[in-house]
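Undergrad: Structure below; questions to follow.
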Amino acid sequence: YKLKENKMTNIVLFGPPGAGKGTQATILKDHYKLKHISTGDVFRYNIKNETELGKMAKSYMDKGQLVPDQVTIDMLKAEVRSELDGNGFIFDGFPRTVAQAEALEEFLNEEGTQVSAMIALEVEDDLLVQRLLERGKTSGRPDDANEAVIRKRIKVYYEETAILKQFYLKENKYFGINGVGSISEITERLKDVIDQLVE
Ligand code: B4P
């Protein structure tokens with residue numbers, strides 16, 4: 001799979017916490033042979049290994065807040081640089097702020113590529129809370145453990161992240177799909193969008 005007019009296929013999976021980004025990215029990366037970058041996973045890896053970055057990130061994540069932009073952007077760039085010879089990327093959980101979106105655009109341009117599409121998974125808040133509480137029973141993730149933190153993450157999404165829809169709409173790169181249904185139904189909806197971009 002290669003993007004029709006471009007060197008790489010770079011998909012941003014978008015949506016509120018619990019919308020299914022990580023779930024779908026894991027499936028799509030194998031299907032399209034893309035590198036999956038989840039900033040949440042990279043932070044959790046650093047937390048597990050007790051790195052300085054991990055200690056810092058944990059203090060924000062446990063409260064349902066975003067990790068500061070500069071560290072997140074630097075981390076993302078390092079991940080992208082390690083895989084620039086591949087087919088492209090699925091970004092899962094990045095960008096989450098306007099500053100992150102601008103940094104991504106500039107950085108990909110420098111590397112001779114760009115975001116192909118942002119695809120948003122649309123799911124209502126109560127279902128998000130339900131999914132995350134369910135995951136919290138087994139994930140061991142402190143940010144899934146209680147409803148107040150989950151509600152805080154959703155609030156941060158509407159305050160800081162949701163605006164990115166406008167950013168990509170302006171560039172004609174925004175696609176919204178219904179994120180409610182079985183995991184395989186949603187994968188099919190995503191493939192319908194992505195198949196129009198790749199050959
Ligand atoms: P993330 O790791 O990105 O976590 P998330 O928003 O909860 O989404 P995730 O991908 O894990 O869940 P999914 O929807 O797949 O972020 C965690 C924290 O890290 C943030 O709060 C922030 O502090 C920090 N962070 C990460 N990126 C950052 C950035 N760029 N800038 C600053 N800070 C950043 O799935 C949720 C659950 O729903 C799962 O249990 C799944 O099994 C279930 N599910 C999925 N699809 C379903 C379906 N169709 N039906 C039923 N259940 C489904």
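Convention: chains lettered A, B, ... in structure tokens order; per-chain residue numbering from 1; ligands numbered from 1 as shown.
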What are the nearest atom pairs, with distances in Å to one decimal, for all residues of chain A that come at most 7 Å from ligand 1, using only C-alpha atoms and all ligand atoms, set out by chain and rising residue number as JSON lines?
TA:
{"residue": "A:Pro16", "atom": "CA", "partner": "ligand 1", "partner_atom_place_in_ligand_line": "6 (O)", "distance": 6.1}
{"residue": "A:Pro17", "atom": "CA", "partner": "ligand 1", "partner_atom_place_in_ligand_line": "6 (O)", "distance": 3.3}
{"residue": "A:Gly18", "atom": "CA", "partner": "ligand 1", "partner_atom_place_in_ligand_line": "14 (O)", "distance": 3.2}
{"residue": "A:Ala19", "atom": "CA", "partner": "ligand 1", "partner_atom_place_in_ligand_line": "14 (O)", "distance": 3.9}
{"residue": "A:Gly20", "atom": "CA", "partner": "ligand 1", "partner_atom_place_in_ligand_line": "14 (O)", "distance": 3.1}
{"residue": "A:Lys21", "atom": "CA", "partner": "ligand 1", "partner_atom_place_in_ligand_line": "15 (O)", "distance": 4.2}
{"residue": "A:Gly22", "atom": "CA", "partner": "ligand 1", "partner_atom_place_in_ligand_line": "10 (O)", "distance": 3.4}
{"residue": "A:Thr23", "atom": "CA", "partner": "ligand 1", "partner_atom_place_in_ligand_line": "15 (O)", "distance": 4.1}
{"residue": "A:Gln24", "atom": "CA", "partner": "ligand 1", "partner_atom_place_in_ligand_line": "15 (O)", "distance": 6.7}
{"residue": "A:Ser38", "atom": "CA", "partner": "ligand 1", "partner_atom_place_in_ligand_line": "3 (O)", "distance": 6.5}
{"residue": "A:Thr39", "atom": "CA", "partner": "ligand 1", "partner_atom_place_in_ligand_line": "27 (N)", "distance": 4.4}
{"residue": "A:Gly40", "atom": "CA", "partner": "ligand 1", "partner_atom_place_in_ligand_line": "2 (O)", "distance": 3.3}
{"residue": "A:Asp41", "atom": "CA", "partner": "ligand 1", "partner_atom_place_in_ligand_line": "2 (O)", "distance": 5.7}
{"residue": "A:Phe43", "atom": "CA", "partner": "ligand 1", "partner_atom_place_in_ligand_line": "19 (O)", "distance": 6.7}
{"residue": "A:Tyr60", "atom": "CA", "partner": "ligand 1", "partner_atom_place_in_ligand_line": "23 (O)", "distance": 5.7}
{"residue": "A:Met61", "atom": "CA", "partner": "ligand 1", "partner_atom_place_in_ligand_line": "23 (O)", "distance": 3.7}
{"residue": "A:Gly64", "atom": "CA", "partner": "ligand 1", "partner_atom_place_in_ligand_line": "21 (O)", "distance": 5.0}
{"residue": "A:Gln65", "atom": "CA", "partner": "ligand 1", "partner_atom_place_in_ligand_line": "23 (O)", "distance": 4.9}
{"residue": "A:Leu66", "atom": "CA", "partner": "ligand 1", "partner_atom_place_in_ligand_line": "33 (N)", "distance": 3.7}
{"residue": "A:Val67", "atom": "CA", "partner": "ligand 1", "partner_atom_place_in_ligand_line": "33 (N)", "distance": 4.0}
{"residue": "A:Pro68", "atom": "CA", "partner": "ligand 1", "partner_atom_place_in_ligand_line": "32 (C)", "distance": 6.0}
{"residue": "A:Asp69", "atom": "CA", "partner": "ligand 1", "partner_atom_place_in_ligand_line": "31 (N)", "distance": 6.1}
{"residue": "A:Thr72", "atom": "CA", "partner": "ligand 1", "partner_atom_place_in_ligand_line": "31 (N)", "distance": 5.7}
{"residue": "A:Asp92", "atom": "CA", "partner": "ligand 1", "partner_atom_place_in_ligand_line": "3 (O)", "distance": 6.5}
{"residue": "A:Gly93", "atom": "CA", "partner": "ligand 1", "partner_atom_place_in_ligand_line": "3 (O)", "distance": 4.2}
{"residue": "A:Phe94", "atom": "CA", "partner": "ligand 1", "partner_atom_place_in_ligand_line": "30 (N)", "distance": 4.1}
{"residue": "A:Pro95", "atom": "CA", "partner": "ligand 1", "partner_atom_place_in_ligand_line": "30 (N)", "distance": 5.0}
{"residue": "A:Arg96", "atom": "CA", "partner": "ligand 1", "partner_atom_place_in_ligand_line": "30 (N)", "distance": 4.8}
{"residue": "A:Arg131", "atom": "CA", "partner": "ligand 1", "partner_atom_place_in_ligand_line": "38 (O)", "distance": 4.6}
{"residue": "A:Leu132", "atom": "CA", "partner": "ligand 1", "partner_atom_place_in_ligand_line": "37 (C)", "distance": 5.2}
{"residue": "A:Glu134", "atom": "CA", "partner": "ligand 1", "partner_atom_place_in_ligand_line": "40 (O)", "distance": 6.5}
{"residue": "A:Arg135", "atom": "CA", "partner": "ligand 1", "partner_atom_place_in_ligand_line": "40 (O)", "distance": 4.2}
{"residue": "A:Arg153", "atom": "CA", "partner": "ligand 1", "partner_atom_place_in_ligand_line": "21 (O)", "distance": 5.7}
{"residue": "A:Gly179", "atom": "CA", "partner": "ligand 1", "partner_atom_place_in_ligand_line": "49 (N)", "distance": 6.5}
{"residue": "A:Val180", "atom": "CA", "partner": "ligand 1", "partner_atom_place_in_ligand_line": "49 (N)", "distance": 5.8}
{"residue": "A:Gly181", "atom": "CA", "partner": "ligand 1", "partner_atom_place_in_ligand_line": "49 (N)", "distance": 5.1}
{"residue": "A:Ser182", "atom": "CA", "partner": "ligand 1", "partner_atom_place_in_ligand_line": "49 (N)", "distance": 4.5}
{"residue": "A:Ile183", "atom": "CA", "partner": "ligand 1", "partner_atom_place_in_ligand_line": "49 (N)", "distance": 4.0}
{"residue": "A:Ile186", "atom": "CA", "partner": "ligand 1", "partner_atom_place_in_ligand_line": "49 (N)", "distance": 6.5}
Undergrad: Looking only at the backbone, which of the residues in region 20-67 of chain A does DSSP tag as strand (DSSP E), as a VMD selection string?
TA: chain A and resid 35 to 38
Undergrad: Using Å and a single decimal, report how far CA of Gln114 (chain A) sits from CA of Met8 (chain A).
TA: 8.0 Å
Undergrad: Would you mind writing down, as an MDAnalysis selection string, each residue of chain A that DSSP on the backbone assigns to alpha helix (DSSP H)?
TA: chainID A and resid 21:32 39:48 52:61 69:81 98:110 125:139 147:156 164:170 183:194
Undergrad: Find the distance between CA of Gly140 (chain A) and CA of Ile27 (chain A) and write it in Å to one decimal.
TA: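 Pair CA of Gly140 (chain A) / CA of Ile27 (chain A) returns 22.4 Å.
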Undergrad: Go ahead and compute the interatomic distance for CA of Asn46 (chain A) and CA of Asp144 (chain A), in Å to one decimal.
TA: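 Taking CA of Asn46 (chain A) and CA of Asp144 (chain A), their separation equals 18.1 Å.
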Undergrad: Do a neighbour search on Lys29 (chain A) at 9 Å with only C-alpha atoms, toss out local chain neighbours closer than 6 positions, and write the hits as a ChimeraX atom specification.
TA: /A:35-36,89-90
Undergrad: So that I can check the surroundings of Ala162 (chain A), please list as a list in words every protein, DNA and RNA residue that reaches within 12 Å of it, counting only C-alpha atoms and ignoring chain neighbours fewer than 5 positions away.
TA: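 Selected residues are Phe14, Gly15, Pro16, Pro17, Pro95, Arg96, Thr97, Val98, Ala101, Ala120, Leu121, Glu122, Ile154, Lys155, Val156, Tyr157, Phe167, Tyr168 and Leu169 of chain A.
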Undergrad: Taking only C-alpha atoms into account, name the residue in A:Gln70, A:Glu83, A:Lys77, A:Leu53 that is nearest to Glu110 (chain A).
TA: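 So, comparing all the options, the nearest one is A:Lys77.
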